[in-house]
file input.tsv (TSV, C-alpha atoms)
chain	number	residue	atom	x	y	z
A	597	MET	CA	103.23	-130.46	6.49
A	598	ILE	CA	104.78	-132.51	9.27
A	599	SER	CA	105.51	-131.77	12.93
A	600	LEU	CA	107.83	-133.74	15.20
A	601	GLY	CA	106.70	-132.41	18.57
A	602	PHE	CA	110.18	-133.09	19.90
A	603	ALA	CA	111.52	-129.83	21.34
A	604	ASP	CA	110.52	-129.06	24.94
A	605	SER	CA	109.26	-125.50	25.47
A	606	GLY	CA	109.01	-125.42	29.26
A	607	LEU	CA	105.27	-124.78	29.06
A	608	ALA	CA	104.28	-127.98	30.84
A	609	GLN	CA	106.46	-127.12	33.82
A	610	GLU	CA	104.94	-123.65	33.95
A	611	LEU	CA	101.37	-124.98	33.77
A	612	ASN	CA	102.01	-127.66	36.38
A	613	SER	CA	103.25	-125.02	38.80
A	614	GLN	CA	99.93	-123.16	38.63
A	615	PRO	CA	97.00	-123.73	41.04
A	616	ARG	CA	94.53	-126.45	40.10
A	617	GLN	CA	92.90	-125.68	36.78
A	618	LEU	CA	91.44	-127.26	33.66
A	619	LEU	CA	93.56	-127.01	30.51
A	620	ASN	CA	92.07	-126.87	27.00
A	621	LEU	CA	94.67	-127.60	24.33
A	622	HIS	CA	94.13	-126.61	20.73
A	623	TRP	CA	96.98	-126.24	18.22
A	624	VAL	CA	100.18	-127.41	19.92
A	625	ASN	CA	102.78	-127.59	17.15
A	626	TRP	CA	105.70	-125.42	16.08
A	627	ASP	CA	107.50	-125.95	19.41
A	628	MET	CA	104.62	-124.66	21.57
A	629	ILE	CA	104.65	-127.83	23.67
A	630	SER	CA	106.28	-131.19	23.01
A	631	ILE	CA	104.86	-134.71	22.94
A	632	SER	CA	106.59	-135.55	26.22
A	633	GLU	CA	105.38	-132.34	27.85
A	634	ILE	CA	101.75	-133.08	26.93
A	635	GLY	CA	102.12	-136.43	28.66
A	636	ALA	CA	103.56	-134.73	31.73
A	637	LEU	CA	100.62	-132.34	32.27
A	638	GLN	CA	99.17	-132.87	35.75
A	639	HIS	CA	95.92	-130.88	35.46
A	640	PRO	CA	92.74	-132.21	33.83
A	641	VAL	CA	93.04	-131.74	30.05
A	642	VAL	CA	90.59	-131.25	27.20
A	643	TRP	CA	92.16	-131.36	23.74
A	644	THR	CA	90.29	-129.80	20.84
A	645	LEU	CA	91.67	-131.31	17.64
A	646	HIS	CA	91.93	-129.27	14.44
A	647	ASP	CA	93.57	-131.89	12.24
A	648	MET	CA	94.80	-135.51	12.33
A	649	TRP	CA	98.25	-134.92	13.85
A	650	PRO	CA	97.46	-135.92	17.45
A	651	PHE	CA	96.68	-139.54	16.51
A	652	CYS	CA	98.88	-139.80	13.40
A	653	GLY	CA	102.64	-139.88	13.06
A	654	ALA	CA	104.19	-136.60	11.94
A	655	ALA	CA	101.55	-135.68	9.34
A	656	HIS	CA	98.71	-133.23	9.93
A	657	TYR	CA	96.58	-134.84	7.22
A	658	THR	CA	97.02	-138.14	5.43
A	659	GLU	CA	94.98	-140.20	3.00
A	660	GLY	CA	96.73	-143.34	4.29
A	661	GLU	CA	95.41	-145.41	7.19
A	662	ASP	CA	98.56	-146.44	9.05
A	663	TRP	CA	97.31	-144.48	12.08
A	664	LYS	CA	94.63	-147.16	12.50
A	665	SER	CA	97.24	-149.86	13.10
A	666	GLY	CA	99.94	-147.86	14.87
A	667	TYR	CA	102.28	-147.73	11.86
A	668	VAL	CA	103.21	-151.39	12.31
A	669	ASN	CA	104.12	-151.75	8.63
A	670	VAL	CA	105.73	-148.34	8.20
A	671	GLY	CA	109.14	-147.11	9.26
A	672	GLY	CA	110.72	-143.70	9.22
A	673	VAL	CA	109.67	-140.46	10.85
A	674	HIS	CA	105.95	-141.22	11.08
A	675	ARG	CA	106.47	-144.43	13.05
A	676	TRP	CA	109.06	-142.72	15.25
A	677	VAL	CA	106.73	-139.83	16.13
A	678	TRP	CA	103.73	-142.12	16.68
A	679	ARG	CA	105.72	-144.36	19.02
A	680	ARG	CA	106.83	-141.33	21.06
A	681	LYS	CA	103.17	-140.34	21.45
A	682	ALA	CA	102.22	-143.87	22.54
A	683	ARG	CA	105.11	-143.94	25.04
A	684	HIS	CA	104.41	-140.56	26.65
A	685	TRP	CA	100.61	-140.38	26.54
A	686	ARG	CA	99.79	-143.04	29.11
A	687	ARG	CA	96.59	-141.54	30.47
A	688	SER	CA	93.61	-140.77	28.29
A	689	ILE	CA	92.70	-137.17	27.49
A	690	ARG	CA	89.19	-135.95	26.80
A	691	ILE	CA	89.05	-135.18	23.08
A	692	VAL	CA	86.82	-132.65	21.33
A	693	THR	CA	86.51	-132.61	17.56
A	694	PRO	CA	84.72	-129.97	15.48
A	695	SER	CA	83.34	-132.57	13.04
A	696	ARG	CA	81.79	-136.02	13.25
A	697	TRP	CA	84.35	-137.29	10.73
A	698	LEU	CA	87.31	-136.39	12.94
A	699	ALA	CA	85.58	-137.96	15.94
A	700	ASP	CA	85.20	-141.19	13.96
A	701	CYS	CA	88.89	-141.02	13.10
A	702	VAL	CA	89.76	-140.74	16.79
A	703	ARG	CA	87.63	-143.80	17.54
A	704	ASP	CA	89.33	-145.74	14.73
A	705	SER	CA	92.88	-144.75	15.71
A	706	ALA	CA	95.26	-147.13	17.45
A	707	LEU	CA	96.42	-144.34	19.74
A	708	MET	CA	93.16	-142.77	20.96
A	709	ARG	CA	90.42	-145.32	20.31
A	710	ASP	CA	89.76	-145.77	24.03
A	711	TRP	CA	89.82	-142.06	24.85
A	712	PRO	CA	86.53	-140.18	25.44
A	713	VAL	CA	85.54	-138.00	22.46
A	714	ARG	CA	82.66	-135.70	21.67
A	715	VAL	CA	81.80	-133.33	18.83
A	716	ILE	CA	81.64	-129.59	19.51
A	717	PRO	CA	81.93	-127.34	16.45
A	718	ASN	CA	84.17	-124.32	16.18
A	719	ALA	CA	82.46	-121.10	17.23
A	720	ILE	CA	81.95	-118.08	15.01
A	721	ASP	CA	80.87	-114.51	15.66
A	722	THR	CA	77.53	-114.55	13.84
A	723	ASP	CA	76.98	-110.90	14.75
A	724	PHE	CA	79.88	-110.04	12.44
A	725	TRP	CA	79.69	-112.83	9.88
A	726	LYS	CA	76.24	-112.07	8.53
A	727	PRO	CA	74.61	-111.42	5.15
A	728	MET	CA	75.24	-108.23	3.22
A	729	PRO	CA	73.11	-107.09	0.26
A	730	ARG	CA	74.68	-108.72	-2.77
A	731	ALA	CA	74.58	-105.53	-4.85
A	732	ARG	CA	76.48	-103.63	-2.15
A	733	ALA	CA	79.00	-106.45	-1.72
A	734	ARG	CA	79.73	-106.65	-5.43
A	735	ALA	CA	79.98	-102.88	-5.76
A	736	LYS	CA	82.53	-102.87	-2.91
A	737	LEU	CA	84.62	-105.41	-4.85
A	738	GLY	CA	84.09	-103.88	-8.29
A	739	LEU	CA	82.29	-107.01	-9.54
A	740	PRO	CA	79.50	-107.15	-12.15
A	741	PRO	CA	76.09	-107.09	-10.45
A	742	ASP	CA	74.22	-109.74	-12.44
A	743	VAL	CA	76.59	-112.59	-13.42
A	744	PRO	CA	76.73	-116.04	-11.74
A	745	LEU	CA	79.71	-116.00	-9.40
A	746	VAL	CA	81.42	-119.08	-7.94
A	747	LEU	CA	83.78	-118.51	-5.00
A	748	PHE	CA	86.90	-120.51	-4.12
A	749	GLY	CA	89.32	-119.74	-1.31
A	750	ALA	CA	92.55	-121.36	-0.16
A	751	MET	CA	95.96	-120.19	0.98
A	752	GLY	CA	98.26	-120.34	-2.02
A	753	GLY	CA	95.46	-120.77	-4.55
A	754	SER	CA	95.82	-124.12	-6.30
A	755	SER	CA	99.20	-125.01	-4.72
A	756	ASP	CA	97.72	-127.34	-2.06
A	757	PRO	CA	96.31	-130.47	-3.75
A	758	ARG	CA	94.29	-131.25	-0.62
A	759	LYS	CA	92.10	-128.20	-1.31
A	760	GLY	CA	90.99	-129.75	-4.59
A	761	PHE	CA	91.16	-126.85	-7.05
A	762	GLU	CA	91.83	-129.24	-9.94
A	763	HIS	CA	88.46	-130.90	-9.33
A	764	LEU	CA	86.79	-127.47	-9.34
A	765	ARG	CA	88.58	-126.51	-12.55
A	766	GLN	CA	87.27	-129.63	-14.29
A	767	ALA	CA	83.75	-128.95	-13.04
A	768	LEU	CA	83.81	-125.32	-14.19
A	769	MET	CA	85.13	-126.35	-17.59
A	770	ARG	CA	82.13	-128.65	-17.94
A	771	LEU	CA	79.74	-125.82	-17.14
A	772	HIS	CA	81.53	-123.53	-19.58
A	773	ALA	CA	81.32	-126.18	-22.32
A	774	GLU	CA	77.56	-126.35	-21.71
A	775	GLY	CA	77.36	-122.63	-22.45
A	776	ARG	CA	76.88	-121.52	-18.87
A	777	ASP	CA	77.71	-117.88	-18.17
A	778	ILE	CA	79.96	-118.07	-15.15
A	779	ARG	CA	82.72	-116.24	-13.32
A	780	LEU	CA	85.16	-117.37	-10.65
A	781	LEU	CA	86.21	-115.39	-7.59
A	782	VAL	CA	89.36	-116.65	-5.81
A	783	PHE	CA	90.75	-115.35	-2.51
A	784	GLY	CA	93.76	-116.48	-0.51
A	785	GLY	CA	96.70	-115.39	-2.64
A	786	GLY	CA	98.81	-117.43	-5.02
A	787	GLU	CA	97.88	-118.46	-8.53
A	788	ILE	CA	95.01	-120.67	-9.61
A	789	GLY	CA	97.43	-122.69	-11.67
A	790	ALA	CA	95.68	-122.78	-15.03
A	791	GLU	CA	94.25	-120.39	-17.58
A	792	LEU	CA	90.47	-120.57	-17.68
A	793	PRO	CA	88.23	-119.52	-20.60
A	794	PHE	CA	85.99	-117.34	-18.42
A	795	PRO	CA	86.67	-114.31	-16.21
A	796	VAL	CA	88.52	-114.89	-12.94
A	797	HIS	CA	88.63	-112.26	-10.21
A	798	GLN	CA	91.45	-112.53	-7.66
A	799	PRO	CA	91.52	-110.05	-4.77
A	800	GLY	CA	94.57	-111.94	-3.45
A	801	GLU	CA	95.34	-112.49	0.20
A	802	VAL	CA	92.60	-110.88	2.26
A	803	THR	CA	93.54	-109.52	5.69
A	804	GLU	CA	90.51	-107.31	6.39
A	805	PRO	CA	87.55	-109.28	7.81
A	806	GLU	CA	85.04	-106.78	6.45
A	807	LEU	CA	86.41	-107.31	2.94
A	808	LEU	CA	86.22	-111.08	3.35
A	809	ARG	CA	82.62	-110.75	4.49
A	810	ALA	CA	81.86	-108.85	1.30
A	811	ILE	CA	83.56	-111.59	-0.74
A	812	TYR	CA	81.32	-114.27	0.78
A	813	ALA	CA	78.22	-112.14	0.34
A	814	SER	CA	79.02	-111.35	-3.30
A	815	ALA	CA	79.08	-115.02	-4.38
A	816	ASP	CA	76.17	-117.20	-5.42
A	817	VAL	CA	77.92	-120.34	-4.17
A	818	PHE	CA	81.11	-121.18	-2.30
A	819	ALA	CA	82.98	-124.15	-3.80
A	820	LEU	CA	84.83	-126.27	-1.22
A	821	PRO	CA	86.17	-129.18	-3.29
A	822	SER	CA	88.65	-130.38	-0.66
A	823	ARG	CA	89.97	-133.92	-0.87
A	824	GLN	CA	90.28	-133.95	2.92
A	825	ASP	CA	89.18	-131.42	5.52
A	826	ASN	CA	87.97	-131.22	9.10
A	827	LEU	CA	85.51	-128.33	9.46
A	828	PRO	CA	86.92	-125.45	7.40
A	829	ASN	CA	86.25	-122.05	8.98
A	830	THR	CA	85.74	-120.60	5.52
A	831	GLY	CA	82.72	-122.88	5.11
A	832	VAL	CA	81.24	-121.79	8.44
A	833	GLU	CA	81.82	-118.12	7.58
A	834	SER	CA	80.22	-118.61	4.18
A	835	LEU	CA	77.08	-120.15	5.68
A	836	ALA	CA	76.84	-117.36	8.25
A	837	CYS	CA	76.96	-114.84	5.41
A	838	GLY	CA	74.10	-116.65	3.66
A	839	THR	CA	76.14	-118.27	0.90
A	840	PRO	CA	75.49	-122.00	0.29
A	841	ILE	CA	78.29	-124.51	-0.20
A	842	VAL	CA	79.11	-127.14	-2.81
A	843	GLY	CA	81.77	-129.72	-2.07
A	844	PHE	CA	82.47	-133.43	-1.85
A	845	ASP	CA	80.82	-135.76	0.64
A	846	ILE	CA	83.99	-136.20	2.71
A	847	GLY	CA	85.43	-135.19	6.08
A	848	GLY	CA	83.50	-132.48	7.89
A	849	MET	CA	81.54	-131.38	4.83
A	850	PRO	CA	78.36	-133.28	5.85
A	851	ASP	CA	78.36	-131.20	9.05
A	852	LEU	CA	78.31	-128.01	6.97
A	853	VAL	CA	75.73	-129.16	4.42
A	854	VAL	CA	73.17	-131.00	6.51
A	855	THR	CA	70.25	-130.57	4.09
A	856	PRO	CA	70.01	-129.74	0.36
A	857	ASP	CA	68.82	-126.25	1.35
A	858	GLN	CA	72.37	-125.42	2.52
A	859	GLY	CA	74.21	-126.65	-0.57
A	860	TYR	CA	75.20	-129.84	-2.37
A	861	LEU	CA	77.50	-132.74	-1.53
A	862	ALA	CA	78.94	-134.39	-4.63
A	863	LYS	CA	80.29	-137.90	-4.94
A	864	PRO	CA	83.91	-137.77	-3.78
A	865	PHE	CA	86.25	-136.45	-6.46
A	866	ASP	CA	83.62	-136.74	-9.23
A	867	ALA	CA	83.99	-133.55	-11.25
A	868	GLU	CA	80.80	-134.23	-13.20
A	869	ASP	CA	78.73	-134.46	-10.02
A	870	LEU	CA	80.51	-131.40	-8.64
A	871	ALA	CA	79.48	-129.51	-11.79
A	872	ARG	CA	75.91	-130.76	-11.34
A	873	GLY	CA	75.86	-129.44	-7.79
A	874	LEU	CA	77.21	-126.04	-8.81
A	875	SER	CA	74.62	-125.80	-11.59
A	876	GLU	CA	71.74	-126.71	-9.28
A	877	VAL	CA	72.74	-124.24	-6.59
A	878	LEU	CA	73.31	-121.44	-9.10
A	879	GLU	CA	69.85	-122.09	-10.50
A	880	ARG	CA	68.19	-122.09	-7.09
A	881	GLN	CA	70.01	-118.94	-6.07
A	882	THR	CA	68.22	-116.97	-8.80
A	883	THR	CA	64.71	-118.21	-7.95
A	884	ASN	CA	62.36	-117.88	-4.99
A	885	LEU	CA	63.98	-114.65	-3.90
A	886	GLY	CA	62.70	-112.94	-0.76
A	887	GLU	CA	63.63	-109.87	1.23
A	888	SER	CA	66.71	-111.61	2.69
A	889	GLY	CA	67.73	-113.35	-0.54
A	890	SER	CA	67.08	-116.87	-1.76
A	891	GLN	CA	65.65	-119.70	0.31
A	892	MET	CA	69.10	-121.28	0.27
A	893	ALA	CA	70.64	-118.11	1.69
A	894	GLU	CA	68.11	-118.13	4.51
A	895	ALA	CA	68.72	-121.83	5.23
A	896	ALA	CA	72.50	-121.37	5.23
A	897	ARG	CA	72.25	-118.50	7.70
A	898	ALA	CA	69.80	-120.39	9.93
A	899	HIS	CA	72.14	-123.42	10.09
A	900	ALA	CA	75.08	-121.22	11.08
A	901	LEU	CA	73.06	-119.53	13.84
A	902	ALA	CA	71.75	-122.82	15.22
A	903	THR	CA	75.09	-124.65	15.14
A	904	TYR	CA	78.10	-122.34	15.14
A	905	ALA	CA	77.03	-119.18	17.03
A	906	ALA	CA	79.50	-118.56	19.87
A	907	PRO	CA	76.93	-118.70	22.73
A	908	ARG	CA	75.72	-122.15	21.61
A	909	VAL	CA	79.25	-123.53	21.36
A	910	ALA	CA	80.20	-121.98	24.70
A	911	GLN	CA	77.27	-123.78	26.37
A	912	GLN	CA	78.59	-127.13	25.12
A	913	TYR	CA	82.09	-126.45	26.43
A	914	ARG	CA	80.70	-125.29	29.75
A	915	ALA	CA	78.75	-128.53	30.10
A	916	LEU	CA	81.92	-130.53	29.37
A	917	TYR	CA	83.98	-128.55	31.89
A	918	GLU	CA	81.31	-128.97	34.59
A	919	GLU	CA	81.21	-132.69	33.88
A	920	ILE	CA	84.98	-132.93	34.42
A	921	TRP	CA	84.93	-130.89	37.63
A	922	GLY	CA	82.00	-132.96	38.91
call {"tool": "encode", "arguments": {"input": "input.tsv", "output": "structure tokens"}}
result
Amino acid sequence: MISLGFADSGLAQELNSQPRQLLNLHWVNWDMISISEIGALQHPVVWTLHDMWPFCGAAHYTEGEDWKSGYVNVGGVHRWVWRRKARHWRRSIRIVTPSRWLADCVRDSALMRDWPVRVIPNAIDTDFWKPMPRARARAKLGLPPDVPLVLFGAMGGSSDPRKGFEHLRQALMRLHAEGRDIRLLVFGGGEIGAELPFPVHQPGEVTEPELLRAIYASADVFALPSRQDNLPNTGVESLACGTPIVGFDIGGMPDLVVTPDQGYLAKPFDAEDLARGLSEVLERQTTNLGESGSQMAEAARAHALATYAAPRVAQQYRALYEEIWG
């Protein structure tokens, strides 16, 4: 996906006409506010980034590194958009990133490397996103009560290569070849893109939060095999529901899986190591069970409460705002 940030919306003029205030930008694309309008904002600004677009060209995510040099060796739309940003954004903006990885990208970028940046994670309602008894969750979804269940979720199923379903497919095929009894649960709509020799349950696109909570709670492990990601909300929701995560050691994943008690980080794009992580977590999820589930479930929930609960995140934003106001 690309965004040009070219069309003026009139929002900057409206905001500038308001009494003195502090603005917190988040997602600004799809003609909400243009590149030139962002540069014209007169109030103090905090910008919470949710992808790489603000310091890249037109792309929201890229595996290239031209954003580090300012697209000096690249022409076309990405250079054009980047140069418009550099021309209009003359004063630095305070940047917030939900993950340490994205903060490091900001510091490495040609456009924002001198701008102040700090890490504040995205908040979650941990009073809603909380564990549910697995038996009740599976009964709600019509799933077998006693089989190992791996969860995968992405809009469009396997259609977005960045979400890494092909890596997960290879890992699951390895486990199946080893004789592992396993099932896959996929939410988000679309097709998974390949026939698999074990049962696959697909509730499709989920619009009811309570149903999604049951989906997280029904799984033994949530697979997040993304090739590139900031701090996926699905991962935060999974942890809050007591379901550990397995993914690659990239992007914001190390912020989600801080210790082995919360999941497993595999070598980037190594399907064999991804399979190893899934196997280890599945094994641990069936041992050392207590009243609130496995030790991993307790650790996942504790990490979500300590890091992503809305009151804790709000305190960090309040401190930043007070610092700006002096």
call {"tool": "closest_residue", "arguments": {"input": "input.tsv", "among": "A:Leu607, A:Ile689, A:Leu600, A:Leu781", "to": "Ala655 in chain A", "atoms": "all atoms listed in the file"}}
result
A:Leu600
call {"tool": "closest_residue", "arguments": {"input": "input.tsv", "among": "A:Leu737, A:Met849, A:Ala867, A:Ala682", "to": "His763 in chain A", "atoms": "only C-alpha atoms"}}
result
A:Ala867
call {"tool": "closest_residue", "arguments": {"input": "input.tsv", "among": "A:Arg770, A:Arg776, A:Lys759, A:Arg732", "to": "Arg823 in chain A", "atoms": "all atoms listed in the file"}}
result
A:Lys759
call {"tool": "closest_residue", "arguments": {"input": "input.tsv", "among": "A:Leu739, A:Val668, A:Leu807, A:Ile778", "to": "Ala871 in chain A", "atoms": "all atoms listed in the file"}}
result
A:Ile778
call {"tool": "atom_distance", "arguments": {"input": "input.tsv", "atom1": "CA of Gln858 in chain A", "atom2": "CA of Ala735 in chain A"}}
result
25.2 Å
call {"tool": "residues_around", "arguments": {"input": "input.tsv", "residues": "range 910-922 of chain A", "least_positions_apart": "2", "cutoff": "12 Å", "atoms": "all atoms listed in the file", "output": "PyMOL selection string"}}
result
chain A and resi 616-620+639-644+689-694+712-721+903-908
call {"tool": "closest_residue", "arguments": {"input": "input.tsv", "among": "A:Tyr657, A:Tyr860, A:Trp678, A:Phe783", "to": "Gly847 in chain A", "atoms": "only C-alpha atoms"}}
result
A:Tyr657
call {"tool": "residues_around", "arguments": {"input": "input.tsv", "residues": "Thr830 in chain A", "least_positions_apart": "3", "cutoff": "10 Å", "atoms": "all atoms listed in the file", "output": "list in words"}}
result
Phe748, Gly749, Ala750, Leu808, Tyr812, Phe818, Leu820, Leu827, Glu833, Ser834, Leu835 and Ala836 of chain A
call {"tool": "atom_distance", "arguments": {"input": "input.tsv", "atom1": "CA of Gly784 in chain A", "atom2": "CA of Met751 in chain A"}}
result
4.6 Å
call {"tool": "closest_residue", "arguments": {"input": "input.tsv", "among": "A:Pro864, A:Gly671, A:Gly786, A:Gly738", "to": "Ala654 in chain A", "atoms": "all atoms listed in the file"}}
result
A:Gly671
call {"tool": "residues_around", "arguments": {"input": "input.tsv", "residues": "range 626-636 of chain A", "least_positions_apart": "4", "cutoff": "7 Å", "atoms": "all atoms listed in the file", "output": "number ranges by chain"}}
result
A: 601-605, 607-608, 681, 684-685
call {"tool": "atom_distance", "arguments": {"input": "input.tsv", "atom1": "CA of Arg683 in chain A", "atom2": "CA of Met597 in chain A"}}
result
23.0 Å
call {"tool": "residues_around", "arguments": {"input": "input.tsv", "residues": "Ala813 in chain A", "least_positions_apart": "4", "cutoff": "7 Å", "atoms": "all atoms listed in the file", "output": "ChimeraX atom specification"}}
result
/A:727-728,730,733,809,837-839
call {"tool": "write_last_selection", "arguments": {"input": "input.tsv", "atoms": "C-alpha atoms", "output": "CSV table (one decimal), keeping the file's coordinate frame"}}
result
chain,number,residue,atom,x,y,z
A,727,PRO,CA,74.6,-111.4,5.2
A,728,MET,CA,75.2,-108.2,3.2
A,730,ARG,CA,74.7,-108.7,-2.8
A,733,ALA,CA,79.0,-106.4,-1.7
A,809,ARG,CA,82.6,-110.8,4.5
A,837,CYS,CA,77.0,-114.8,5.4
A,838,GLY,CA,74.1,-116.6,3.7
A,839,THR,CA,76.1,-118.3,0.9
call {"tool": "residues_around", "arguments": {"input": "input.tsv", "residues": "Ser890 in chain A", "least_positions_apart": "3", "cutoff": "12 Å", "atoms": "only C-alpha atoms", "output": "PyMOL selection string"}}
result
chain A and resi 727+729-730+816-817+838-840+857-858+877-887+893-897
